[in-house]
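Undergrad: This is the structure I want to talk about, given as C-alpha cells.
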There are 2 protein chains.
Amino acid sequence: MTTSPALVAVDWGTTSFRLWLLSRDGTVLAEHRSQEGMSEVAARGFETVLKDHLQTLSVPSDLPVVICGMAGSRQGWVEAGYIDTPADVTTIGASATVVPDTARQIIIIPGLAVRSESEPDVMRGEETQLLGAHLEMPGGERYCMPGTHSKWVSMNGPTVTGFETFMTGELFSALSGKTILTHSTDGEGKVDANDPAFLTGVRDGWARPEKTTHHLFSIRAGQLLYNHPADENRARLSGLLIGAEFAGARVRGDEQIGLVASGALQRLYQAALLACGVKVRNLDADVAVRRGLMESWQRFATTSGDRTHP
Amino acid sequence: MTTSPALVAVDWGTTSFRLWLLSRDGTVLAEHRSQEGMSEVAARGFETVLKDHLQTLSVPSDLPVVICGMAGSRQGWVEAGYIDTPADVTTIGASATVVPDTARQIIIIPGLAVRSESEPDVMRGEETQLLGAHLEMPGGERYCMPGTHSKWVSMNGPTVTGFETFMTGELFSALSGKTILTHSTDGEGKVDANDPAFLTGVRDGWARPEKTTHHLFSIRAGQLLYNHPADENRARLSGLLIGAEFAGARVRGDEQIGLVASGALQRLYQAALLACGVKVRNLDADVAVRRGLMESWQRFATTSGDRTHP
C-alpha cells in the first residue's frame, strides 16, 4: 500500500483555507489550515499564498492541486463558473477550470446555480462536499449543509434537482453583533445544543416562521421585562433562525436528512433536527469535501485524458 | 382665540429629538428638531440638552414640558416604567413620571408592555402616537406604526388589547449595511413605493414568510446570475421584509388598518398595504404624537390636581 502523496486538495473559502496532502487512496498525509480572508489573499495574490502554503508542507513540485470554494468566484483567482441544475454532481470535475500559466497543474471546481428568474440561487464549495456526501452516504434524497449560508439540497441519485440557500449564519452574526439584540446576546459562550432555550427557539421558528422578526424583538423585551440572561437569549436567537430555516426548507418530522457539517454547527443542527423528529445521517464536512476533491480530480484527469496522475 | 404658548411637547427617541411649542388648542407655534443620538445626549446630560433646545426657541420659563420616547427608558433620563396590556390608552398621562428637581414641570410618559413569559413585548413613544391616533381616528381596531421596530396594535375602543413588534427597519439596515447583501443593494436612492420589485417583494414575503431568509440570499444570487441592479435589489429587500411583517401580523386583504407614519415610510407602507388589498386610514405620525402629548398632559394635570396649566 502506497502512502506517497498523490494530490493536493484545497477548500478555499471566503474566510478560511484548508489544504490536505492526500495519497492515491485518499489518506490524509498532511494538513494545513489558515484563516486568511479573501480580501487579504487577493492583495497578496492567490498564487503567492498557495505557494507559501505548499512550501510549508514541502509538497513535491509535480503534484496537482484541486481547489473548490470562493477562489473560483468572480472576485477570486480564476472564475470557475456555475453548472446549472439539474446537474449530475459526479461530473463537476469534468467541468473544472484550469488555472493558466502555473508550474504545476491547478484546477478549480465550478459552482452550481439554480437559474430561475424569480428565485435564483448559487453554491460554490458545497457542490464538492455534496459529491463527497453522495459517495459516502449514497441514496440520500435531502442534504443539509449548515453555515454562514446554509444549503438544502434535493437529490435524485447523482442528480442535484434543486437547492435553496438560507442566510441563517450571517443573520445570526448581524443580529447578535450589529442590532439592538447585541445588548441582549453579548458574551463569549457558545450556544449549547441541549439548552432548552435553543430547542424551544427551533420549535417556535419551525412552527411559526412568519413570527420570526417579532420573536427576535421579543428577545430584547424579555431582557427588559424579565432579565433573561444573555446566554439564554443567544441560544433562543440561534434556535429561532435555524427553526425558520427548517420551515423554509419544508422539513417534515418523518423524513431522513443527510447532515454534512463539523464541530459546533454539527451539534446544533443535529440536536435541532432530532427535536423536530427528523432522522439524521451524519457526515463530517471535511471528510465530504476531501472525498469530493479527490473524486473531482480523478474525473478531470479521466476526461482530459491526463492519466499520469491518480 | 389665543395663540400664546401653553405646552412644550417633546418626542425624544434614540436617534431623534422633536420639540413643539403648542397653544392650548394644539396649534404648533414653533418647532425644533435635532438628530442627537441617545449616547451623545447621555454624555451631555438630558437636562442640559433640553435647556439648550428650549433657549433656542425662547420658551417661557413657566411652561410645562411633556416628553415621550426613549428618554423614559432605563438608560434614559428618568425611568418612566411600563403599563401592562390590556391598557386604556387614554390614561397614560395619569401615570406619567415627574422629573425631580427641575425648575419647570417636566413629565415623561410611560411605555406599554406585553408581560408574557413566552412572547414579551414593549413600546416606548408609540403609546403616545397611539393615543393621538385613537382620538384623531376613533373606532380603529388595528394600527400599524412602521419604523426601526414596527408596531402592530390591536384596540377595542380605548383599550390596547395587545401589540407585536417586528424588527423590520433594523433588519433592513443590518442586511443592507453589514452582510453579503451590501454589495447587491448599495446606493443612495430611496426605495420607490411604486417599484414593481418592491411590490413583488411585499407579496412574496406576505405569501411565503417562511422563505424569507432564502429569498434574501436569492437577491445576491440574482445579482451574480442576472446582474439585477442595486436599486431593484434594495426595493425587493425592503418589500420582502415588510411583506414578512404583514404575514406575522396576520394582515388580511379584507381589513382596514390605521397607518400612523410620515414621509417615505408612510408611502412604502401605504403602497404595500394597498397591494395586499387592505383599506388604509392615514394619520401623520407627527400629528399623532403631538395630539397624544397634549392629551397626556391634560390628563396628568387633571389627575394630579394641577389646573394652572392647560
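Identifiers in this document derive from the order of the C-alpha cells: chains are assigned A, B, ..., residues are numbered from 1 separately in each chain, and ligands are numbered from 1 in order of occurrence.
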Name all residues at most 10 Å from Ala193 in chain A (count only C-alpha atoms; drop same-chain ones fewer than 2 positions away) and give them as a ChimeraX atom specification.
TA: /A:190-191,195-199,235,238-239,264-272
Undergrad: Pull the closest atom pair for each residue of chain A that gets at most 6 Å from chain B, along with the distance in Å to one decimal, counting only C-alpha atoms, ordering rows by chain and then ascending residue number, as CSV.
TA:
residue,atom,partner,partner_atom,distance
A:Glu119,CA,B:Ser218,CA,5.8
A:Pro120,CA,B:Ser218,CA,5.4
A:Asp121,CA,B:Ala221,CA,5.0
A:Val122,CA,B:Ala221,CA,5.8
A:Thr165,CA,B:His214,CA,5.4
A:Phe166,CA,B:His214,CA,4.3
A:Met167,CA,B:Thr213,CA,5.4
A:Pro209,CA,B:Glu210,CA,5.0
A:Glu210,CA,B:Gly248,CA,4.7
A:Lys211,CA,B:Gly248,CA,4.7
A:Thr213,CA,B:Phe166,CA,5.1
A:His214,CA,B:Phe166,CA,4.3
A:Ser218,CA,B:Pro120,CA,5.4
A:Ala221,CA,B:Asp121,CA,5.0
A:Gly222,CA,B:Pro120,CA,5.6
A:Ala247,CA,B:Glu210,CA,5.8
A:Gly248,CA,B:Glu210,CA,4.7
Undergrad: How would the residues just chosen look if you wrote them out with N, CA and C atoms as a PDB file, in the first residue's frame?
TA:
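File selection-v2.pdb, as written:
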ATOM      1  N   GLU A 119     -36.397  32.971  -8.297  1.00  0.00           N
ATOM      2  CA  GLU A 119     -35.666  32.553  -7.111  1.00  0.00           C
ATOM      3  C   GLU A 119     -34.315  31.938  -7.461  1.00  0.00           C
ATOM      4  N   PRO A 120     -33.424  32.750  -8.002  1.00  0.00           N
ATOM      5  CA  PRO A 120     -32.107  32.230  -8.363  1.00  0.00           C
ATOM      6  C   PRO A 120     -31.324  31.835  -7.119  1.00  0.00           C
ATOM      7  N   ASP A 121     -30.379  30.926  -7.296  1.00  0.00           N
ATOM      8  CA  ASP A 121     -29.544  30.523  -6.166  1.00  0.00           C
ATOM      9  C   ASP A 121     -28.198  30.039  -6.693  1.00  0.00           C
ATOM     10  N   VAL A 122     -27.197  30.103  -5.834  1.00  0.00           N
ATOM     11  CA  VAL A 122     -25.858  29.641  -6.201  1.00  0.00           C
ATOM     12  C   VAL A 122     -25.193  28.951  -5.013  1.00  0.00           C
ATOM     13  N   THR A 165     -30.661  28.230  -0.537  1.00  0.00           N
ATOM     14  CA  THR A 165     -29.735  28.778   0.454  1.00  0.00           C
ATOM     15  C   THR A 165     -30.508  29.636   1.448  1.00  0.00           C
ATOM     16  N   PHE A 166     -30.170  29.517   2.719  1.00  0.00           N
ATOM     17  CA  PHE A 166     -30.766  30.344   3.771  1.00  0.00           C
ATOM     18  C   PHE A 166     -29.638  31.108   4.474  1.00  0.00           C
ATOM     19  N   MET A 167     -29.860  32.397   4.741  1.00  0.00           N
ATOM     20  CA  MET A 167     -28.791  33.244   5.289  1.00  0.00           C
ATOM     21  C   MET A 167     -28.645  33.107   6.812  1.00  0.00           C
ATOM     22  N   PRO A 209     -42.783  30.392  11.402  1.00  0.00           N
ATOM     23  CA  PRO A 209     -41.704  31.191  10.805  1.00  0.00           C
ATOM     24  C   PRO A 209     -42.136  32.621  10.492  1.00  0.00           C
ATOM     25  N   GLU A 210     -43.440  32.826  10.272  1.00  0.00           N
ATOM     26  CA  GLU A 210     -43.906  34.181   9.945  1.00  0.00           C
ATOM     27  C   GLU A 210     -43.732  35.134  11.128  1.00  0.00           C
ATOM     28  N   LYS A 211     -43.539  34.575  12.325  1.00  0.00           N
ATOM     29  CA  LYS A 211     -43.374  35.411  13.520  1.00  0.00           C
ATOM     30  C   LYS A 211     -41.894  35.715  13.809  1.00  0.00           C
ATOM     31  N   THR A 213     -39.487  37.750  12.808  1.00  0.00           N
ATOM     32  CA  THR A 213     -38.956  39.097  13.088  1.00  0.00           C
ATOM     33  C   THR A 213     -39.617  39.699  14.335  1.00  0.00           C
ATOM     34  N   HIS A 214     -40.788  39.165  14.708  1.00  0.00           N
ATOM     35  CA  HIS A 214     -41.382  39.545  16.004  1.00  0.00           C
ATOM     36  C   HIS A 214     -40.672  38.825  17.152  1.00  0.00           C
ATOM     37  N   SER A 218     -38.772  40.216  20.565  1.00  0.00           N
ATOM     38  CA  SER A 218     -39.243  39.706  21.856  1.00  0.00           C
ATOM     39  C   SER A 218     -38.074  39.286  22.758  1.00  0.00           C
ATOM     40  N   ALA A 221     -37.247  42.399  24.515  1.00  0.00           N
ATOM     41  CA  ALA A 221     -38.283  42.708  25.516  1.00  0.00           C
ATOM     42  C   ALA A 221     -38.151  41.786  26.730  1.00  0.00           C
ATOM     43  N   GLY A 222     -37.798  40.525  26.487  1.00  0.00           N
ATOM     44  CA  GLY A 222     -37.629  39.569  27.583  1.00  0.00           C
ATOM     45  C   GLY A 222     -36.473  39.943  28.498  1.00  0.00           C
ATOM     46  N   ALA A 247     -38.378  25.550   8.476  1.00  0.00           N
ATOM     47  CA  ALA A 247     -39.709  25.813   7.908  1.00  0.00           C
ATOM     48  C   ALA A 247     -39.590  26.141   6.431  1.00  0.00           C
ATOM     49  N   GLY A 248     -38.602  26.968   6.088  1.00  0.00           N
ATOM     50  CA  GLY A 248     -38.403  27.342   4.693  1.00  0.00           C
ATOM     51  C   GLY A 248     -38.017  26.145   3.835  1.00  0.00           C
TER      52      GLY A 248
END
Undergrad: Could you please write out, as a ChimeraX atom specification, every residue of range 84-272 of chain A that DSSP assigns to alpha helix (DSSP H)?
TA: /A:126-136,168-178,181-185,196-207,212-226,230-248,263-272
Undergrad: Taking 5 positions as the minimum chain separation for residues in the same chain, which residues sit within 12 Å of Tyr143 in chain A when counting only C-alpha atoms? Answer as number ranges by chain.
TA: A: 126-127, 129-134, 137-138, 150-156, 160-165, 249, 251, 255-261, 279-283, 285, 288
Undergrad: Take CA of Thr185 in chain B and CA of Ile242 in chain B and report the distance between them in Å, one decimal.
TA: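 CA of Ile242 in chain B lies at a distance of 16.4 Å from CA of Thr185 in chain B.
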Undergrad: By how many Å are CA of Val99 in chain B and CA of Val65 in chain B apart?
TA: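 Atom-to-atom, CA of Val99 in chain B and CA of Val65 in chain B are spaced 10.0 Å apart.
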